[in-house]
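Student: The structure file work_6.json (JSON, C-alpha atoms and all ligand atoms) is provided below.
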```
[["chain", "number", "residue", "atom", "x", "y", "z"],
["H", 1, "MET", "CA", -7.73, -10.56, -0.28],
["H", 2, "GLU", "CA", -11.22, -10.41, -1.75],
["H", 3, "ALA", "CA", -12.19, -14.02, -1.24],
["H", 4, "THR", "CA", -14.94, -13.25, 1.24],
["H", 5, "ALA", "CA", -17.11, -11.27, -1.13],
["H", 6, "GLY", "CA", -20.76, -11.60, -0.32],
["H", 7, "LEU", "CA", -20.19, -12.30, 3.34],
["H", 8, "SER", "CA", -19.95, -9.54, 5.88],
["H", 9, "ALA", "CA", -16.28, -9.62, 6.69],
["H", 10, "ALA", "CA", -15.29, -9.68, 10.32],
["H", 11, "LYS", "CA", -14.06, -6.39, 11.63],
["H", 12, "ARG", "CA", -10.32, -6.24, 11.27],
["H", 13, "ASP", "CA", -8.04, -5.88, 14.25],
["H", 14, "ARG", "CA", -6.60, -2.52, 15.03],
["H", 15, "PRO", "CA", -3.17, -2.09, 13.47],
["H", 16, "VAL", "CA", -0.12, -2.13, 15.72],
["H", 17, "GLY", "CA", 2.16, 0.10, 13.70],
["H", 18, "ILE", "CA", 2.31, 2.62, 10.89],
["H", 19, "CYS", "CA", 4.85, 4.01, 8.47],
["H", 20, "PRO", "CA", 5.23, 7.73, 9.12],
["H", 21, "ARG", "CA", 6.15, 8.33, 5.50],
["H", 22, "CYS", "CA", 3.50, 6.57, 3.46],
["H", 23, "HIS", "CA", 1.06, 5.71, 6.25],
["H", 24, "VAL", "CA", 0.92, 2.04, 5.41],
["H", 25, "VAL", "CA", -0.29, 0.13, 8.45],
["H", 26, "VAL", "CA", 0.97, -3.14, 9.84],
["H", 27, "ARG", "CA", -0.62, -5.71, 12.09],
["H", 28, "VAL", "CA", 2.52, -7.69, 12.80],
["H", 29, "PHE", "CA", 4.71, -6.73, 15.74],
["H", 30, "ASP", "CA", 7.77, -8.06, 13.96],
["H", 31, "GLN", "CA", 7.53, -5.25, 11.42],
["H", 32, "ILE", "CA", 7.82, -2.47, 13.97],
["H", 33, "GLY", "CA", 11.21, -0.80, 13.75],
["H", 34, "LYS", "CA", 11.92, -2.24, 10.33],
["H", 35, "LYS", "CA", 12.13, -0.49, 6.99],
["H", 36, "CYS", "CA", 8.77, 0.01, 5.37],
["H", 37, "ALA", "CA", 10.09, -0.63, 1.84],
["H", 38, "LYS", "CA", 6.68, -0.30, 0.30],
["H", 39, "PRO", "CA", 7.07, 0.15, -3.46],
["H", 40, "LEU", "CA", 6.36, 3.73, -4.41],
["H", 41, "PRO", "CA", 4.87, 4.89, -7.72],
["H", 42, "PHE", "CA", 8.13, 6.31, -9.02],
["H", 43, "GLY", "CA", 10.06, 3.11, -8.61],
["H", 44, "ALA", "CA", 11.76, 3.74, -5.30],
["H", 45, "LYS", "CA", 10.93, 2.02, -2.06],
["H", 46, "CYS", "CA", 9.59, 3.88, 0.91],
["H", 47, "PRO", "CA", 12.48, 4.84, 3.22],
["H", 48, "GLY", "CA", 10.21, 5.07, 6.25],
["H", 49, "VAL", "CA", 10.67, 2.99, 9.35],
["H", 50, "ILE", "CA", 7.60, 1.39, 10.82],
["H", 51, "ARG", "CA", 6.82, 2.85, 14.21],
["H", 52, "SER", "CA", 4.59, 1.36, 16.82],
["H", 53, "ALA", "CA", 1.13, 2.77, 17.28],
["H", 54, "LEU", "CA", -0.34, 0.66, 20.01],
["H", 55, "ALA", "CA", -2.51, 3.12, 21.88],
["H", 56, "ALA", "CA", -6.20, 2.76, 21.24],
["H", 57, "ASP", "CA", -6.60, 6.52, 20.97],
["H", 58, "GLU", "CA", -4.14, 6.66, 18.10],
["H", 59, "TRP", "CA", -6.67, 4.99, 15.84],
["H", 60, "THR", "CA", -10.22, 5.62, 14.86],
["H", 61, "GLU", "CA", -12.55, 3.33, 13.03],
["H", 62, "CYS", "CA", -13.05, 4.56, 9.51],
["H", 63, "PRO", "CA", -16.29, 6.55, 9.46],
["H", 64, "ASP", "CA", -16.66, 6.35, 5.70],
["H", 65, "CYS", "CA", -17.15, 2.60, 5.54],
["H", 66, "GLY", "CA", -18.19, 1.94, 9.12],
["H", 67, "ALA", "CA", -14.97, -0.01, 9.68],
["H", 68, "SER", "CA", -15.99, -2.58, 7.11],
["H", 69, "GLY", "CA", -13.23, -1.62, 4.70],
["H", 70, "ARG", "CA", -15.71, -1.51, 1.86],
["H", 71, "ILE", "CA", -18.15, 0.92, 0.37],
["H", 72, "ASN", "CA", -20.84, -0.70, -1.72],
["H", 73, "SER", "CA", -18.88, -3.32, -3.64],
["H", 74, "GLY", "CA", -15.55, -1.52, -3.70],
["H", 75, "VAL", "CA", -12.67, -1.03, -1.34],
["H", 76, "CYS", "CA", -13.03, 2.04, 0.82],
["H", 77, "THR", "CA", -10.71, 4.72, -0.53],
["H", 78, "GLN", "CA", -10.48, 6.54, 2.79],
["H", 79, "CYS", "CA", -8.89, 3.70, 4.72],
["H", 80, "GLU", "CA", -7.90, 1.61, 1.69],
["H", 81, "GLY", "CA", -9.71, -1.36, 3.13],
["H", 82, "GLU", "CA", -7.86, -1.28, 6.44],
["H", 83, "CYS", "CA", -10.96, -0.28, 8.44],
["H", 84, "TRP", "CA", -8.86, 1.95, 10.67],
["H", 85, "LEU", "CA", -7.52, 5.45, 10.28],
["H", 86, "TYR", "CA", -4.56, 6.86, 12.11],
["H", 87, "TYR", "CA", -6.07, 9.50, 14.34],
["H", 88, "LYS", "CA", -3.04, 11.41, 15.53],
["H", 89, "ARG", "CA", -1.46, 12.69, 12.38],
["H", 90, "ARG", "CA", 1.46, 14.18, 14.27],
["H", 91, "LEU", "CA", 3.93, 11.69, 12.89],
["H", 92, "SER", "CA", 7.61, 12.39, 13.06],
["H", 93, "THR", "CA", 9.11, 12.73, 9.63],
["H", 101, "ZN", "ZN", 6.26, 3.62, 4.11],
["H", 102, "ZN", "ZN", -12.94, 2.93, 5.29]]
```
Could you take the file, read its structure, and then write that structure out as structure tokens?
Ligand SMILES: [Zn+2]
Ligand SMILES: [Zn+2]
Tutor:
Amino acid sequence: MEATAGLSAAKRDRPVGICPRCHVVVRVFDQIGKKCAKPLPFGAKCPGVIRSALAADEWTECPDCGASGRINSGVCTQCEGECWLYYKRRLST
């Protein structure tokens, strides 16, 4: 993931889906509608189902890192390196 250090990484594509439970984002259409199953800190897997989030106005470029995914030499904590933030937080739970 960090192999391009030193070069200005190309801006990442807008995600196509998001988990309404843990807010992990996906860029693969195949994952929409499938279980998130992201490992959670307490040993369980996320029970969320990835939903599509295809509208441009559902996302905003991360203002903290300028959509670069990085702040100084570290990964941006606001977007966790994804460069995009989910704008409409009205996710069904
Ligand atoms: Zn999840
Ligand atoms: Zn960011």
Student: At a cut-off of 12 Å, can you tabulate as a Markdown table every residue of chain H near ligand ZN 101 (chain H) together with its closest atom pair and the distance in Å to one decimal, using only C-alpha atoms and all ligand atoms and ordering rows by chain then number?
Tutor:
```
| residue | atom | partner | partner_atom | distance |
| --- | --- | --- | --- | --- |
| H:Gly17 | CA | H:ZN101 | ZN | 11.0 |
| H:Ile18 | CA | H:ZN101 | ZN | 7.9 |
| H:Cys19 | CA | H:ZN101 | ZN | 4.6 |
| H:Pro20 | CA | H:ZN101 | ZN | 6.6 |
| H:Arg21 | CA | H:ZN101 | ZN | 4.9 |
| H:Cys22 | CA | H:ZN101 | ZN | 4.1 |
| H:His23 | CA | H:ZN101 | ZN | 6.0 |
| H:Val24 | CA | H:ZN101 | ZN | 5.7 |
| H:Val25 | CA | H:ZN101 | ZN | 8.6 |
| H:Val26 | CA | H:ZN101 | ZN | 10.3 |
| H:Gln31 | CA | H:ZN101 | ZN | 11.6 |
| H:Ile32 | CA | H:ZN101 | ZN | 11.7 |
| H:Gly33 | CA | H:ZN101 | ZN | 11.7 |
| H:Lys34 | CA | H:ZN101 | ZN | 10.3 |
| H:Lys35 | CA | H:ZN101 | ZN | 7.7 |
| H:Cys36 | CA | H:ZN101 | ZN | 4.6 |
| H:Ala37 | CA | H:ZN101 | ZN | 6.2 |
| H:Lys38 | CA | H:ZN101 | ZN | 5.5 |
| H:Pro39 | CA | H:ZN101 | ZN | 8.4 |
| H:Leu40 | CA | H:ZN101 | ZN | 8.5 |
| H:Pro41 | CA | H:ZN101 | ZN | 12.0 |
| H:Ala44 | CA | H:ZN101 | ZN | 10.9 |
| H:Lys45 | CA | H:ZN101 | ZN | 7.9 |
| H:Cys46 | CA | H:ZN101 | ZN | 4.6 |
| H:Pro47 | CA | H:ZN101 | ZN | 6.4 |
| H:Gly48 | CA | H:ZN101 | ZN | 4.7 |
| H:Val49 | CA | H:ZN101 | ZN | 6.9 |
| H:Ile50 | CA | H:ZN101 | ZN | 7.2 |
| H:Arg51 | CA | H:ZN101 | ZN | 10.1 |
| H:Thr93 | CA | H:ZN101 | ZN | 11.0 |
```
Student: For each of H:Phe29, H:Gln78, H:Trp84, H:Arg12, take the minimum atom-to-atom distance to Asp57 of chain H, counting only C-alpha atoms, then give the residue where this is smallest.
Tutor: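 Of the candidates, the smallest distance to Asp57 of chain H is held by H:Trp84.
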Student: Any residue with an atom at most 10 Å from ligand ZN 102 (chain H) counts, using only C-alpha atoms and all ligand atoms. Which are they? Put them as a PyMOL selection string.
Tutor: chain H and resi 61-71+75-85
Student: Rank nothing, just name the residue among H:Gly43, H:Arg27, H:Tyr86, H:Gly74 nearest to Thr60 of chain H, using all atoms listed in the file.
Tutor: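 Among the listed residues, the smallest separation from Thr60 of chain H belongs to H:Tyr86.
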Student: Could you check the closest approach to Val28 of chain H for each of H:Phe42, H:Ser73, H:Tyr87, H:Asp13 and tell me which residue wins, using all atoms listed in the file?
Tutor: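 Checking each candidate against Val28 of chain H, we get H:Asp13 as the closest.
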Student: Report, as JSON, the centre and edge lengths in Å (one decimal) of the axis-aligned box enclosing every listed atom of segment 11-23 of chain H, padded by 5 Å on each side.
Tutor:
```
{"center_x": -4.0, "center_y": 1.0, "center_z": 9.6, "size_x": 30.2, "size_y": 24.7, "size_z": 22.3}
```
